[in-house]
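Below is one structure, written out as structure tokens; comments come after it.
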Amino acid sequence: MDQKEVFDAIIAILKPFVKNRDALATVALETAIQKDLKVNSARLVDIVLEIEDRFGIEVKDEDAEKVRTVGDAVTLVLREATHA
Amino acid sequence: MRDSGVVGNDVVDLTDPAIAQHHNRERFVSRVCGVEERARVVTAFDLWAHFAAKEAAYKALVKLGFSPGFAHRDIRVSADLRAVRWRENELELSVAFDEQCVHAVTWSARSPPVLARVARARGEEGAAARALLCELLAEGIGGSADELKVVRDPVAGAWDGFGPPRVERRGATIEADVSLSHDGRFVAAAAIVGNEIGRLTPLRLVPARPAPTWAH
């Protein structure tokens with residue numbers, strides 16, 4: 001899986017939880033998941049679980065804490081998928 | 001660390017259909033709750049009361065200089081919903097609720113009285129929560145809410161680039177620790193006001209059960 005495929009998959013996962021729909025039009029690696037997309041904290045747990053299911057990886061609490069942007073999520077998935 | 005105590009609060013809109021069945025999702029509950037807590041999670045209220053308590057505690061713990069991380073399980077809620085513990089640190093807790101929302105407030109021990117309130121959001125949620133906090137503080141310390149302004153200072157590394165909110169009156173920071181929250185149709189605010197301003201008539205939080213008087 002390359003970065004573009006993971007990026008697209010992450011956006012598909014995020015989409016139902018995004019409150020700022022306008023921000024989706026310009027979403028990029030540097031887009032902040034909570035600040036820009038207005039995803040709330042409860043939905044972050046949903047997103048972590050969906051990422052685990054979609055990519056067959058485990059997202060540790062300490063790794064989830066570091067994810068601020070879409071790019072952070074992509075990097076995390078690429079790293080963990082390599083080890084899976 | 002503030003000498004006069006810190007406060008954190010979190011509101012959850014229970015009418016959001018997207019979260020109505022999360023209490024039946026084993027993986028979600030297991031990610032959020034520890035073993036003892038899971039046994040208590042039977043209804044949506046049970047789950048979201050615990051979740052809100054943990055989120056409120058997270059906000060207070062960060063202000064105390066801790067880094068709880070994205071580890072809801074590590075923040076433990078007491079069975080009576082009156083205390084939250086993270087490692088060796090304990091915070092007091094109050095959970096108020098009705099059929100539409102649940103509001104959790106945590107604060108450090110020996111704090112001055114806590115002011116807290118929930119309201120339906122009117123307009124943009126962030127602005128509505130800030131307006132609610134100003135109303136709450138104006139009632140607590142006197143004066144007009146129009147004189148108060150909620151400010152967040154830039155902080156590198158914070159989730160949105162800003163630190164916890166503080167309140168200014170005519171440009172001077174009020175000696176108060178404050179917390180904002182919004183979810184769905186609801187906004188919430190909580191505050192601990194320094195003693196030099198205080199001698200307050202506290203707006204008492206409603207105990208965990210039965211239903212609160214702030215219901216709308």
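Just remember, in the structure tokens the first chain shown is A, the second B, etc., residues are 1-based per chain, and ligands are 1-based in the order shown.
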Check: If you run DSSP on this backbone, which residues of chain A come out as alpha helix (DSSP H), and could you give them as a PyMOL selection string?
Finding: chain A and resi 3-14+21-24+41-55+61-66+70-83
Contacts of range 19-43 of chain B with range 71-87 of chain B up to 10 Å, shortest pair per row, only C-alpha atoms, as a tab-separated table:
```
residue	atom	partner	partner_atom	distance
B:Val29	CA	B:Arg73	CA	9.5
B:Ser30	CA	B:Arg73	CA	7.9
B:Arg31	CA	B:Arg73	CA	6.6
B:Val32	CA	B:His72	CA	4.9
B:Cys33	CA	B:Arg73	CA	4.8
B:Gly34	CA	B:Arg73	CA	4.9
B:Val35	CA	B:Arg73	CA	8.7
B:Glu36	CA	B:Ala79	CA	8.7
B:Glu37	CA	B:Val77	CA	7.3
B:Arg40	CA	B:Ala79	CA	7.8
```
I need the chain A residues near chain B as a CSV table (one decimal) with all heavy atoms, in the first residue's frame; criterion: at most 6 Å, counting only C-alpha atoms.
```
chain,number,residue,atom,x,y,z
A,35,LYS,N,-8.7,20.1,14.9
A,35,LYS,CA,-8.8,21.6,14.7
A,35,LYS,C,-9.5,21.9,13.4
A,35,LYS,O,-10.4,22.8,13.4
A,35,LYS,CB,-7.4,22.1,14.8
A,35,LYS,CG,-7.3,23.6,14.7
A,35,LYS,CD,-5.9,24.1,14.6
A,35,LYS,CE,-5.8,25.6,14.3
A,35,LYS,NZ,-4.4,26.0,14.1
A,61,ASP,N,-2.4,3.3,22.5
A,61,ASP,CA,-2.8,4.6,23.0
A,61,ASP,C,-1.7,5.7,22.8
A,61,ASP,O,-2.1,6.8,22.5
A,61,ASP,CB,-3.1,4.5,24.5
A,61,ASP,CG,-4.4,3.7,24.8
A,61,ASP,OD1,-5.2,3.5,23.8
A,61,ASP,OD2,-4.5,3.1,25.9
A,65,GLU,N,-2.2,9.2,20.6
A,65,GLU,CA,-2.1,10.5,21.2
A,65,GLU,C,-1.3,11.5,20.3
A,65,GLU,O,-1.5,12.7,20.3
A,65,GLU,CB,-1.4,10.4,22.6
A,65,GLU,CG,-0.9,11.7,23.2
A,65,GLU,CD,-2.0,12.6,23.6
A,65,GLU,OE1,-3.2,12.1,23.6
A,65,GLU,OE2,-1.7,13.8,24.0
```
Item checked: Nearest candidate to Ile57 in chain A (options A:Ala81, A:Val18, A:Val6, A:Ala25; using only C-alpha atoms) -> A:Ala81
Checklist line | Secondary structure check, strand (DSSP E or B) residues of chain B, as a PyMOL selection string | finding: chain B and resi 7-13+75-77+83-86+89-97+101-108+114-120+148-154+162-169+172-173+176-183+186-193
Margin query: Using Å and a single decimal, report how far CA of Ala191 in chain B sits from CA of Pro113 in chain B.
Written below: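 Those two atoms sit 8.6 Å apart.
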Next item on the list: Show which residues sit within 8 Å of range 143-151 of chain B, as a ChimeraX atom specification. Count only C-alpha atoms, and ignore same-chain residues fewer than 2 positions away.
Entry: /B:130-131,134-135,137-139,141,153,165-170
Note to self: As an exercise, work out the distance from CA of Leu47 in chain B to CA of Glu90 in chain B in Å and give it to one decimal place.
What the structure shows: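 So the answer is 20.4 Å.
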Margin query: My list of candidates is A:Asn20, A:Ala64, A:Leu78, A:Leu29. Which is closest to Ile47 in chain A when distances are computed with only C-alpha atoms?
Written below: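 Residue with the minimum atom-to-atom distance to Ile47 in chain A: A:Ala64.
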Next item on the list: Tell me, in Å to one decimal, how far CA of Phe55 in chain A is from CA of Lys15 in chain A.
Entry: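 It comes out at 16.8 Å.
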Item checked: Polymer residues at most 10 Å from Ala73 in chain A, only C-alpha atoms, same-chain spacing of 2 or more positions, as a VMD selection string -> chain A and resid 6 to 7 10 29 33 48 51 63 to 64 66 to 71 75 to 79
Pull all heavy atoms from the residues just selected and write them as a short mmCIF file (atom, residue, chain, number, x, y, z; two decimals), in the first residue's frame.
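Below you can see result-v6.cif, which holds the result:
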```cif
data_model
loop_
_atom_site.label_atom_id
_atom_site.label_comp_id
_atom_site.auth_asym_id
_atom_site.auth_seq_id
_atom_site.Cartn_x
_atom_site.Cartn_y
_atom_site.Cartn_z
N VAL A 6 -3.26 4.87 1.26
CA VAL A 6 -3.55 5.01 2.70
C VAL A 6 -4.25 6.34 2.96
O VAL A 6 -5.23 6.39 3.72
CB VAL A 6 -2.25 4.90 3.53
CG1 VAL A 6 -2.54 5.19 5.01
CG2 VAL A 6 -1.62 3.53 3.37
N PHE A 7 -3.78 7.39 2.32
CA PHE A 7 -4.41 8.71 2.47
C PHE A 7 -5.89 8.64 2.09
O PHE A 7 -6.77 9.09 2.85
CB PHE A 7 -3.69 9.74 1.59
CG PHE A 7 -4.32 11.11 1.59
CD1 PHE A 7 -4.05 12.02 2.60
CD2 PHE A 7 -5.21 11.49 0.57
CE1 PHE A 7 -4.65 13.28 2.60
CE2 PHE A 7 -5.80 12.74 0.58
CZ PHE A 7 -5.52 13.64 1.57
N ILE A 10 -7.83 6.71 4.66
CA ILE A 10 -7.99 7.48 5.90
C ILE A 10 -9.10 8.52 5.74
O ILE A 10 -9.95 8.70 6.62
CB ILE A 10 -6.66 8.18 6.29
CG1 ILE A 10 -5.60 7.16 6.68
CG2 ILE A 10 -6.89 9.21 7.40
CD1 ILE A 10 -5.75 6.54 8.03
N LEU A 29 -2.46 16.32 3.68
CA LEU A 29 -1.72 15.64 4.76
C LEU A 29 -1.59 16.51 6.00
O LEU A 29 -1.61 16.02 7.12
CB LEU A 29 -0.32 15.25 4.25
CG LEU A 29 -0.25 14.10 3.24
CD1 LEU A 29 1.16 13.97 2.67
CD2 LEU A 29 -0.67 12.78 3.89
N ILE A 33 -6.93 16.95 12.28
CA ILE A 33 -8.17 16.18 12.37
C ILE A 33 -9.17 16.84 13.31
O ILE A 33 -10.35 16.97 12.97
CB ILE A 33 -7.86 14.73 12.81
CG1 ILE A 33 -7.03 14.03 11.71
CG2 ILE A 33 -9.14 13.96 13.10
CD1 ILE A 33 -6.47 12.67 12.10
N VAL A 48 -10.02 5.53 15.49
CA VAL A 48 -8.90 4.62 15.81
C VAL A 48 -9.33 3.16 15.59
O VAL A 48 -8.60 2.37 14.98
CB VAL A 48 -8.44 4.83 17.27
CG1 VAL A 48 -7.53 3.69 17.72
CG2 VAL A 48 -7.71 6.16 17.40
N ILE A 51 -9.58 2.43 11.87
CA ILE A 51 -8.25 2.30 11.26
C ILE A 51 -7.66 0.92 11.57
O ILE A 51 -7.09 0.26 10.71
CB ILE A 51 -7.32 3.43 11.76
CG1 ILE A 51 -7.72 4.76 11.11
CG2 ILE A 51 -5.85 3.12 11.48
CD1 ILE A 51 -6.96 5.98 11.61
N ASP A 63 0.52 5.96 20.61
CA ASP A 63 0.65 6.38 19.21
C ASP A 63 -0.54 7.24 18.80
O ASP A 63 -0.39 8.22 18.07
CB ASP A 63 0.75 5.15 18.29
CG ASP A 63 2.08 4.43 18.46
OD1 ASP A 63 3.06 5.10 18.83
OD2 ASP A 63 2.12 3.21 18.24
N ALA A 64 -1.73 6.85 19.24
CA ALA A 64 -2.94 7.63 18.91
C ALA A 64 -2.82 9.06 19.43
O ALA A 64 -3.27 10.00 18.77
CB ALA A 64 -4.17 6.94 19.50
N LYS A 66 -0.34 10.91 19.53
CA LYS A 66 0.55 11.75 18.72
C LYS A 66 -0.06 12.16 17.39
O LYS A 66 0.50 12.97 16.66
CB LYS A 66 1.87 11.02 18.47
CG LYS A 66 2.69 10.79 19.74
CD LYS A 66 3.87 9.89 19.44
CE LYS A 66 4.54 9.47 20.74
NZ LYS A 66 5.21 8.15 20.61
N VAL A 67 -1.19 11.57 17.03
CA VAL A 67 -1.80 11.85 15.74
C VAL A 67 -2.59 13.17 15.82
O VAL A 67 -3.59 13.26 16.52
CB VAL A 67 -2.73 10.70 15.29
CG1 VAL A 67 -3.48 11.11 14.02
CG2 VAL A 67 -1.92 9.45 15.04
N ARG A 68 -2.10 14.17 15.13
CA ARG A 68 -2.78 15.47 15.07
C ARG A 68 -3.38 15.70 13.67
O ARG A 68 -4.44 16.28 13.54
CB ARG A 68 -1.80 16.60 15.37
CG ARG A 68 -1.22 16.59 16.77
CD ARG A 68 -2.21 17.22 17.75
NE ARG A 68 -1.59 17.45 19.05
CZ ARG A 68 -1.58 16.56 20.03
NH1 ARG A 68 -2.14 15.39 19.85
NH2 ARG A 68 -1.02 16.83 21.19
N THR A 69 -2.64 15.27 12.65
CA THR A 69 -3.03 15.58 11.27
C THR A 69 -3.34 14.30 10.50
O THR A 69 -3.02 13.19 10.94
CB THR A 69 -1.89 16.32 10.54
OG1 THR A 69 -0.78 15.42 10.42
CG2 THR A 69 -1.45 17.57 11.28
N VAL A 70 -3.93 14.49 9.34
CA VAL A 70 -4.18 13.36 8.44
C VAL A 70 -2.85 12.68 8.10
O VAL A 70 -2.74 11.45 8.06
CB VAL A 70 -4.89 13.84 7.16
CG1 VAL A 70 -5.02 12.71 6.15
CG2 VAL A 70 -6.27 14.41 7.51
N GLY A 71 -1.83 13.49 7.88
CA GLY A 71 -0.51 12.96 7.57
C GLY A 71 0.06 12.11 8.69
O GLY A 71 0.71 11.08 8.45
N THR A 75 1.16 8.25 8.25
CA THR A 75 2.50 7.78 8.65
C THR A 75 2.38 6.62 9.64
O THR A 75 3.10 5.62 9.54
CB THR A 75 3.29 8.94 9.30
OG1 THR A 75 3.40 10.00 8.35
CG2 THR A 75 4.67 8.49 9.73
N LEU A 76 1.47 6.77 10.59
CA LEU A 76 1.27 5.70 11.59
C LEU A 76 0.85 4.40 10.91
O LEU A 76 1.39 3.33 11.21
CB LEU A 76 0.20 6.15 12.59
CG LEU A 76 -0.30 5.09 13.58
CD1 LEU A 76 0.82 4.67 14.52
CD2 LEU A 76 -1.48 5.63 14.38
N VAL A 77 -0.10 4.50 9.99
CA VAL A 77 -0.58 3.29 9.31
C VAL A 77 0.53 2.64 8.50
O VAL A 77 0.73 1.42 8.55
CB VAL A 77 -1.79 3.63 8.41
CG1 VAL A 77 -2.09 2.47 7.47
CG2 VAL A 77 -3.00 3.96 9.25
N LEU A 78 1.27 3.46 7.75
CA LEU A 78 2.35 2.91 6.93
C LEU A 78 3.40 2.21 7.79
O LEU A 78 3.91 1.15 7.44
CB LEU A 78 2.99 4.02 6.10
CG LEU A 78 2.13 4.55 4.94
CD1 LEU A 78 2.77 5.79 4.33
CD2 LEU A 78 1.94 3.48 3.86
N ARG A 79 3.70 2.80 8.93
CA ARG A 79 4.70 2.21 9.84
C ARG A 79 4.19 0.90 10.44
O ARG A 79 4.88 -0.12 10.41
CB ARG A 79 5.03 3.19 10.96
CG ARG A 79 6.20 2.75 11.83
CD ARG A 79 6.44 3.70 12.99
NE ARG A 79 5.37 3.58 13.99
CZ ARG A 79 4.79 4.62 14.59
NH1 ARG A 79 5.15 5.84 14.27
NH2 ARG A 79 3.84 4.44 15.47
#
```
